[in-house]
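Input: a single structure, listed below in structure tokens.
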Amino acid sequence: MAKILIIDDDEWFCSVLTEAMAVDGHEIQCAHAIEEGLRLAASDAFDVVFLDVVLPDGNGLDHISEIRAVSSEPEIIILTGSGTPDGAELAIESGAWDYIQKPFPISVIKLHLMRALLYRAERRTRKPAKALKIDAIIGNSSRMKDAYDLLSEATSTDVNVLVTGETGTGKELFAKAIHDNSPRAGKSFVVVDCAALQGTLIESILFGHEKGAFTGAVQGRVGLIKQADGGTLFLDEIAELPLSLQKVFLRVLQERRFRPLGGQREVESNFRLIAATNRDLESMVRSGQFREDLLYRLRAHTIVLPPLRDHREDIVPIAVHHAEKICKRSGLDAKTFSPDFIEALLSYHWPGNVRELVNAIERAVAAASSASTLFRKHLPREIRVDLVRASTGDRSSISTNTEILPSGHPPTLKELRASVYAKAENEYLTDLLKMTAGNFEQACRISDLSQPRLYELLRKYKISTKV
Amino acid sequence: MGLIVYTPSENELERRFLTLLEMAIPKKKFEIYRSIGEMSARLGMPLSNVKVAVLFAVTREEITRILSLGDLMADVKSILILSDEDNDTMAKVHKLRPRYVAWADCDPIDIVTVTKRMVDLYDLPQSRRRKLQGDVRTLCQR
């Protein structure tokens with residue numbers, strides 16, 4: 001039987017769910033806040049975690065990675081009374097197993113639990129993924145482990161792969177790693193830069209041409225598709241491929257044969273296709289900029305690379321790796337990181353992802369010159385400015401809250417949290433009752449609280465139910 | 001300075017290419033290297049900041065020399081100009097993951113056009129590139 005953790009501030013809901021699942025022999029523990037839930041998740045080997053979204057000390061969706069990172073790597077099922085399509089998408093992209101909207105019958109939750117447990121059992125019996133050669137890719141977070149699992153799956157098949165992710169997340173490195181770990185590794189990995197090659201040039205480069213096929217074709221040339229025969233064809237920035245060429249390329253994908261420009265006979269090429277883009281191809285399909293049939297062909301296997309801000313635990317290891325590499329390359333002594341440098345790396349939001357981080361490390365090493373330690377001041381100016389602006393914002397928000405602090409000696413952080421939380425909860429409930437004119441059903445629906453829990457809180461804060 | 005050009009032999013194609021490149025990218029915002037040693041030293045600098053390289057590799061020896069740069073070229077988007085296209089040469093060339101391969105008998109305008117485009121794409125500061133991509137997407141969605 002399974003070990004299950006429920007993280008939900010609704011105590012009544014927790015007790016109902018506990019009772020229903022305990023009947024099936026499962027061992028259940030409950031937490032009513034994120035902090036308590038994270039502590040429990042790390043202290044025992046849970047198989048499944050039911051996670052509420054709106055919790056007293058934070059949003060459950062923000063903590064999916066942390067929960068998945070504990071040693072038992074539990075499956076996470078999100079439960080929410082205020083579901084939105086964006087929230088559901090975020091949950092699944094963050095690695096949640098499922099996303100269920102309250103209210104739901106117990107039979108539904110039991111079905112989702114059974115499916116998650118079946119998947120988990122199957123995952124445990126699965127052969128361990130073969131050791132991958134991924135020297136150029138750094139990261140051991142749960143988000144990166146998910147990406148490595150997909151990379152591993154891609155190496156054991158020959159299907160088309162679509163690698164997506166924001167700019168600078170390492171799409172080309174992943175594509176190369178798939179090739180290097182596949183049976184095609186002994187043959188060429190051929191790159192086609194669809195953004196750099198425009199107009200008629202890309203057609204002759206892809207398909208090749210016969211002598212005299214067009215003005216300037218003084219000699220016949222073999223195209224990149226043929227050069228990838230036996231190996232991998234990597235179409236980078238595939239969203240930039242002109243519509244007219246998308247149609248032609250679709251046929252090449254289906255038949256693995258094509259006619260060079262000016263050629264009389266078709267040429268065959270046994271290539272494996274990997275494509276990459278940072279654009280939303282589905283929305284491009286909707287707006288008529290990308291062929292739907294080509295998209296279906298491309299995404300036989302899709303790998304979505306996470307932005308760096310979603311796997312912050314990898315920031316320091318990536319920075320250390322590249323600092324060592326840059327120092328070695330430049331003949332400099334190795335550099336250490338000061339605490340303020342590490343803090344700055346972890347605080348910045350890295351919109352340019354790993355590429356921006358590596359660039360910042362390169363500039364910091366150059367700025368530090370012969371100094372043995374990297375400090376925050378060695379980081380590029382624009383990053384330091386951004387950090388200072390952000391910290392100024394934080395300070396102002398804290399100062400507005402200081403009025404709730406008791407005068408005299410400062411409280412502990414725990415006391416401060418409890419005080420801020422109680423004040424916010426009190427104000428929220430008062431406003432909620434005013435807004436709903438004392439309508440309990442409506443108040444419960446808006447607040448995603450059960451009626452017993454709402455009564456309990458009103459009693460706690462001595463808020464009158466008469467509006 | 002995000003663009004470097006490696007032209008060891010200074011033949012007619014290279015001269016024409018450099019003349020056109022100066023017109024496309026004014027104020028000589030690129031560096032020219034005549035030997036692998038010089039280029040290797042440049043790429044090995046702590047802040048190399050080289051994003052795009054145009055490499056004239058018109059002999060097999062030159063291709064081998066360029067391959068010997070190994071990791072120094074790992075983060076550089078390259079354009080290669082070759083004279084051979086036999087299978088062995090091409091297999092070696094693809095280890096560099098070139099973004100564009102041109103030939104010694106091609107029109108240098110094609111090489112300059114692709115070079116200019118790649119500089120625009122890959123040598124912009126991150127913030128400007130993101131803004132540009134955002135602007136392009138907004139236009140596409142209209």
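Just so we're on the same page: first chain in the structure tokens is A, next is B, and so on; residues restart at 1 for each chain, and ligands are numbered from 1 in the order they show up.
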- Task: Tell me the residues of chain A close to chain B, meaning within 9 Å using only C-alpha atoms, as number ranges by chain.
- Result: A: 167, 187-193, 195-198, 201, 205, 216-219, 221-222, 227, 279, 283-284, 287, 289, 326-327, 329-332, 351-352, 356, 359, 362-367, 369
- Find the residues around Leu295 (chain A) up to 9 Å (only C-alpha atoms counted), leave out those fewer than 5 positions away in its own chain, and share them as JSON, numbers by chain. {"A": [281, 282, 285, 290]}
- Query: In Å, with one decimal, what is the gap from CA of Val320 (chain A) to CA of Ala154 (chain A)?
  - Reply: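 So the two atoms, CA of Val320 (chain A) and CA of Ala154 (chain A), lie 28.8 Å apart.
Residues with any atom within 10 Å of region 6-9 of chain B, counting only C-alpha atoms and excluding same-chain neighbours fewer than 6 positions away, are B:Arg15, B:Leu18, B:Glu31, B:Ile32, B:Tyr33, B:Arg34, B:Ser35, B:Ile36, B:Glu38, B:Met39, B:Ala53, B:Val54, B:Leu55, B:Phe56, B:Ala57, B:Val58, B:Glu62, B:Ile66, B:Leu80, B:Ile81.
Using only C-alpha atoms for every distance, the candidate list A:Ala22, A:Ile315, A:Ile92, A:Ala69 yields A:Ala69 as the residue closest to Ala42 (chain A).
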- Task: Find the residues near region 370-380 of chain A: any atom within 7 Å, counting only C-alpha atoms, skip ones fewer than 4 places away on the same chain, and give them as a list in words.
- Result: Lys335, Thr336, Phe337, Ser338, Asp340, Phe341, Ala344, Ala360, Arg363, Ala364 and Arg384 of chain A
Write the residues of the preceding selection, restricted to N, CA, C and O atoms, as a compact mmCIF listing (two decimals), in the first residue's frame.
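Written out: again.txt:
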```txt
# COMPACT_ATOMS: atom_id res chain seq x y z
N LYS A 335 38.94 30.45 -9.71
CA LYS A 335 38.36 31.51 -8.86
C LYS A 335 37.31 30.91 -7.94
O LYS A 335 36.61 29.97 -8.30
N THR A 336 37.21 31.49 -6.75
CA THR A 336 36.15 31.07 -5.84
C THR A 336 35.04 32.13 -5.88
O THR A 336 35.26 33.26 -6.34
N PHE A 337 33.86 31.75 -5.39
CA PHE A 337 32.72 32.67 -5.38
C PHE A 337 32.52 33.19 -3.96
O PHE A 337 32.45 32.40 -3.01
N SER A 338 32.37 34.49 -3.81
CA SER A 338 32.05 35.06 -2.50
C SER A 338 30.56 34.84 -2.21
O SER A 338 29.78 34.65 -3.15
N ASP A 340 28.31 36.97 -1.45
CA ASP A 340 27.45 37.98 -2.10
C ASP A 340 27.33 37.73 -3.60
O ASP A 340 26.31 38.03 -4.22
N PHE A 341 28.37 37.12 -4.18
CA PHE A 341 28.31 36.76 -5.61
C PHE A 341 27.26 35.66 -5.82
O PHE A 341 26.41 35.75 -6.71
N ALA A 344 23.80 36.99 -5.40
CA ALA A 344 23.36 37.74 -6.58
C ALA A 344 22.95 36.80 -7.71
O ALA A 344 21.93 37.00 -8.37
N ALA A 360 27.57 36.11 -18.28
CA ALA A 360 27.83 36.92 -17.07
C ALA A 360 29.06 36.41 -16.33
O ALA A 360 29.87 37.20 -15.83
N ARG A 363 32.13 37.51 -18.19
CA ARG A 363 32.43 38.93 -17.95
C ARG A 363 32.94 39.15 -16.53
O ARG A 363 33.80 40.00 -16.29
N ALA A 364 32.41 38.37 -15.58
CA ALA A 364 32.87 38.51 -14.19
C ALA A 364 34.33 38.07 -14.05
O ALA A 364 35.12 38.74 -13.38
N ARG A 384 23.64 44.00 -12.01
CA ARG A 384 23.69 44.63 -10.67
C ARG A 384 22.60 45.69 -10.54
O ARG A 384 21.96 45.80 -9.50
```
Determine which residues of region 64-154 of chain A receive a DSSP assignment of helix (DSSP H, G or I), computed from the backbone, and state them as a compact mmCIF listing (two decimals) with N, CA and C atoms, in the first residue's frame.
```txt
# COMPACT_ATOMS: atom_id res chain seq x y z
N ILE A 64 6.18 22.78 -6.42
CA ILE A 64 6.16 21.44 -7.02
C ILE A 64 7.58 20.90 -7.18
N SER A 65 8.49 21.74 -7.69
CA SER A 65 9.86 21.27 -7.92
C SER A 65 10.52 20.82 -6.62
N GLU A 66 10.29 21.59 -5.53
CA GLU A 66 10.90 21.23 -4.24
C GLU A 66 10.40 19.87 -3.76
N ILE A 67 9.09 19.65 -3.92
CA ILE A 67 8.53 18.38 -3.44
C ILE A 67 9.04 17.23 -4.31
N ARG A 68 9.11 17.46 -5.61
CA ARG A 68 9.59 16.39 -6.49
C ARG A 68 11.07 16.11 -6.28
N PRO A 85 -6.98 27.41 -16.65
CA PRO A 85 -6.17 26.68 -17.65
C PRO A 85 -4.68 26.98 -17.49
N ASP A 86 -4.32 28.24 -17.17
CA ASP A 86 -2.90 28.59 -17.02
C ASP A 86 -2.29 27.84 -15.84
N GLY A 87 -3.06 27.78 -14.74
CA GLY A 87 -2.57 27.07 -13.55
C GLY A 87 -2.37 25.60 -13.85
N ALA A 88 -3.31 25.02 -14.58
CA ALA A 88 -3.20 23.60 -14.93
C ALA A 88 -1.97 23.35 -15.79
N GLU A 89 -1.76 24.25 -16.75
CA GLU A 89 -0.61 24.10 -17.65
C GLU A 89 0.70 24.22 -16.85
N LEU A 90 0.73 25.22 -15.97
CA LEU A 90 1.93 25.43 -15.15
C LEU A 90 2.22 24.20 -14.30
N ALA A 91 1.15 23.63 -13.72
CA ALA A 91 1.31 22.46 -12.86
C ALA A 91 1.90 21.29 -13.63
N ILE A 92 1.36 21.01 -14.80
CA ILE A 92 1.83 19.87 -15.58
C ILE A 92 3.26 20.12 -16.07
N GLU A 93 3.53 21.37 -16.51
CA GLU A 93 4.88 21.68 -16.98
C GLU A 93 5.89 21.59 -15.84
N ILE A 106 -15.30 11.29 -4.24
CA ILE A 106 -14.16 10.52 -3.75
C ILE A 106 -13.72 9.48 -4.78
N SER A 107 -14.72 8.91 -5.52
CA SER A 107 -14.36 7.88 -6.51
C SER A 107 -13.39 8.44 -7.56
N VAL A 108 -13.56 9.73 -7.90
CA VAL A 108 -12.69 10.34 -8.90
C VAL A 108 -11.26 10.43 -8.38
N ILE A 109 -11.14 10.86 -7.14
CA ILE A 109 -9.79 11.01 -6.59
C ILE A 109 -9.13 9.65 -6.42
N LYS A 110 -9.92 8.64 -6.11
CA LYS A 110 -9.36 7.29 -5.98
C LYS A 110 -8.85 6.78 -7.33
N LEU A 111 -9.58 7.13 -8.39
CA LEU A 111 -9.17 6.72 -9.73
C LEU A 111 -7.84 7.38 -10.11
N HIS A 112 -7.72 8.69 -9.83
CA HIS A 112 -6.48 9.41 -10.14
C HIS A 112 -5.32 8.85 -9.31
N LEU A 113 -5.63 8.51 -8.05
CA LEU A 113 -4.59 7.95 -7.18
C LEU A 113 -4.12 6.60 -7.72
N MET A 114 -5.08 5.78 -8.14
CA MET A 114 -4.73 4.45 -8.65
C MET A 114 -3.84 4.58 -9.90
N ARG A 115 -4.20 5.51 -10.78
CA ARG A 115 -3.41 5.70 -12.00
C ARG A 115 -1.99 6.16 -11.67
N ALA A 116 -1.89 7.09 -10.73
CA ALA A 116 -0.56 7.59 -10.34
C ALA A 116 0.28 6.47 -9.75
N LEU A 117 -0.35 5.63 -8.94
CA LEU A 117 0.39 4.54 -8.31
C LEU A 117 0.82 3.48 -9.34
N LEU A 118 -0.06 3.23 -10.32
CA LEU A 118 0.29 2.28 -11.39
C LEU A 118 1.50 2.80 -12.18
N TYR A 119 1.44 4.09 -12.51
CA TYR A 119 2.54 4.71 -13.25
C TYR A 119 3.84 4.61 -12.46
N ARG A 120 3.71 4.86 -11.15
CA ARG A 120 4.90 4.86 -10.28
C ARG A 120 5.49 3.43 -10.21
N ALA A 121 4.60 2.44 -10.11
CA ALA A 121 5.08 1.06 -10.04
C ALA A 121 5.78 0.69 -11.35
N GLU A 122 5.19 1.14 -12.46
CA GLU A 122 5.78 0.83 -13.77
C GLU A 122 7.14 1.53 -13.92
N ARG A 123 7.21 2.75 -13.41
CA ARG A 123 8.45 3.52 -13.51
C ARG A 123 9.58 2.85 -12.72
N ARG A 124 9.19 2.25 -11.59
CA ARG A 124 10.20 1.61 -10.75
C ARG A 124 10.76 0.34 -11.38
N THR A 125 9.90 -0.35 -12.15
CA THR A 125 10.37 -1.60 -12.74
C THR A 125 11.06 -1.37 -14.09
N SER A 142 15.28 18.47 -10.46
CA SER A 142 14.24 17.55 -10.92
C SER A 142 13.78 17.94 -12.33
N ARG A 143 13.75 19.25 -12.63
CA ARG A 143 13.33 19.68 -13.97
C ARG A 143 14.32 19.18 -15.03
N MET A 144 15.61 19.24 -14.71
CA MET A 144 16.60 18.77 -15.67
C MET A 144 16.58 17.24 -15.76
N LYS A 145 16.32 16.59 -14.62
CA LYS A 145 16.24 15.12 -14.66
C LYS A 145 15.09 14.68 -15.57
N ASP A 146 13.97 15.42 -15.50
CA ASP A 146 12.85 15.12 -16.40
C ASP A 146 13.29 15.24 -17.86
N ALA A 147 14.05 16.31 -18.14
CA ALA A 147 14.52 16.53 -19.51
C ALA A 147 15.50 15.42 -19.93
N TYR A 148 16.35 14.97 -18.99
CA TYR A 148 17.28 13.88 -19.32
C TYR A 148 16.51 12.58 -19.61
N ASP A 149 15.41 12.36 -18.85
CA ASP A 149 14.59 11.16 -19.11
C ASP A 149 14.06 11.19 -20.54
N LEU A 150 13.58 12.37 -20.95
CA LEU A 150 13.05 12.50 -22.31
C LEU A 150 14.16 12.35 -23.35
N LEU A 151 15.34 12.88 -23.00
CA LEU A 151 16.50 12.76 -23.90
C LEU A 151 16.85 11.28 -24.06
N SER A 152 16.85 10.58 -22.93
CA SER A 152 17.17 9.15 -22.95
C SER A 152 16.17 8.38 -23.82
N GLU A 153 14.89 8.71 -23.65
CA GLU A 153 13.86 8.04 -24.47
C GLU A 153 14.11 8.32 -25.96
N ALA A 154 14.51 9.56 -26.25
CA ALA A 154 14.73 9.93 -27.66
C ALA A 154 15.90 9.17 -28.27
```
Might you pull out every residue within 12 Å of Val70 (chain A), with only C-alpha atoms counted and same-chain residues fewer than 3 positions away left off, and present them as a PDB file with C-alpha atoms, in the first residue's frame?
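See selection-v8.pdb below for the written result:
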```
ATOM      1  CA  GLY A  37       4.224  19.952   4.014  1.00  0.00           C
ATOM      2  CA  LEU A  38       7.794  20.412   2.765  1.00  0.00           C
ATOM      3  CA  ARG A  39       9.139  19.247   6.130  1.00  0.00           C
ATOM      4  CA  LEU A  40       6.961  16.132   6.102  1.00  0.00           C
ATOM      5  CA  ALA A  41       7.739  15.377   2.434  1.00  0.00           C
ATOM      6  CA  ALA A  42      11.456  15.397   3.192  1.00  0.00           C
ATOM      7  CA  SER A  43      11.088  13.277   6.333  1.00  0.00           C
ATOM      8  CA  ASP A  44       9.362  10.217   4.837  1.00  0.00           C
ATOM      9  CA  ALA A  45       9.229   8.293   1.536  1.00  0.00           C
ATOM     10  CA  PHE A  46       5.847   9.342   0.178  1.00  0.00           C
ATOM     11  CA  ASP A  47       4.542   7.864  -3.067  1.00  0.00           C
ATOM     12  CA  VAL A  48       1.940  10.530  -3.792  1.00  0.00           C
ATOM     13  CA  VAL A  49       1.429  14.076  -2.562  1.00  0.00           C
ATOM     14  CA  HIS A  63       6.680  24.354  -4.629  1.00  0.00           C
ATOM     15  CA  ILE A  64       6.155  21.439  -7.021  1.00  0.00           C
ATOM     16  CA  SER A  65       9.864  21.271  -7.919  1.00  0.00           C
ATOM     17  CA  GLU A  66      10.901  21.233  -4.241  1.00  0.00           C
ATOM     18  CA  ILE A  67       8.532  18.381  -3.444  1.00  0.00           C
ATOM     19  CA  GLU A  73      10.416  11.684  -5.898  1.00  0.00           C
ATOM     20  CA  PRO A  74       6.669  11.456  -5.165  1.00  0.00           C
ATOM     21  CA  GLU A  75       3.999  11.933  -7.821  1.00  0.00           C
ATOM     22  CA  ILE A  76       2.091  15.162  -7.203  1.00  0.00           C
ATOM     23  CA  SER A 141      17.493  19.471 -10.573  1.00  0.00           C
ATOM     24  CA  SER A 142      14.236  17.554 -10.924  1.00  0.00           C
TER      25      SER A 142
END
```
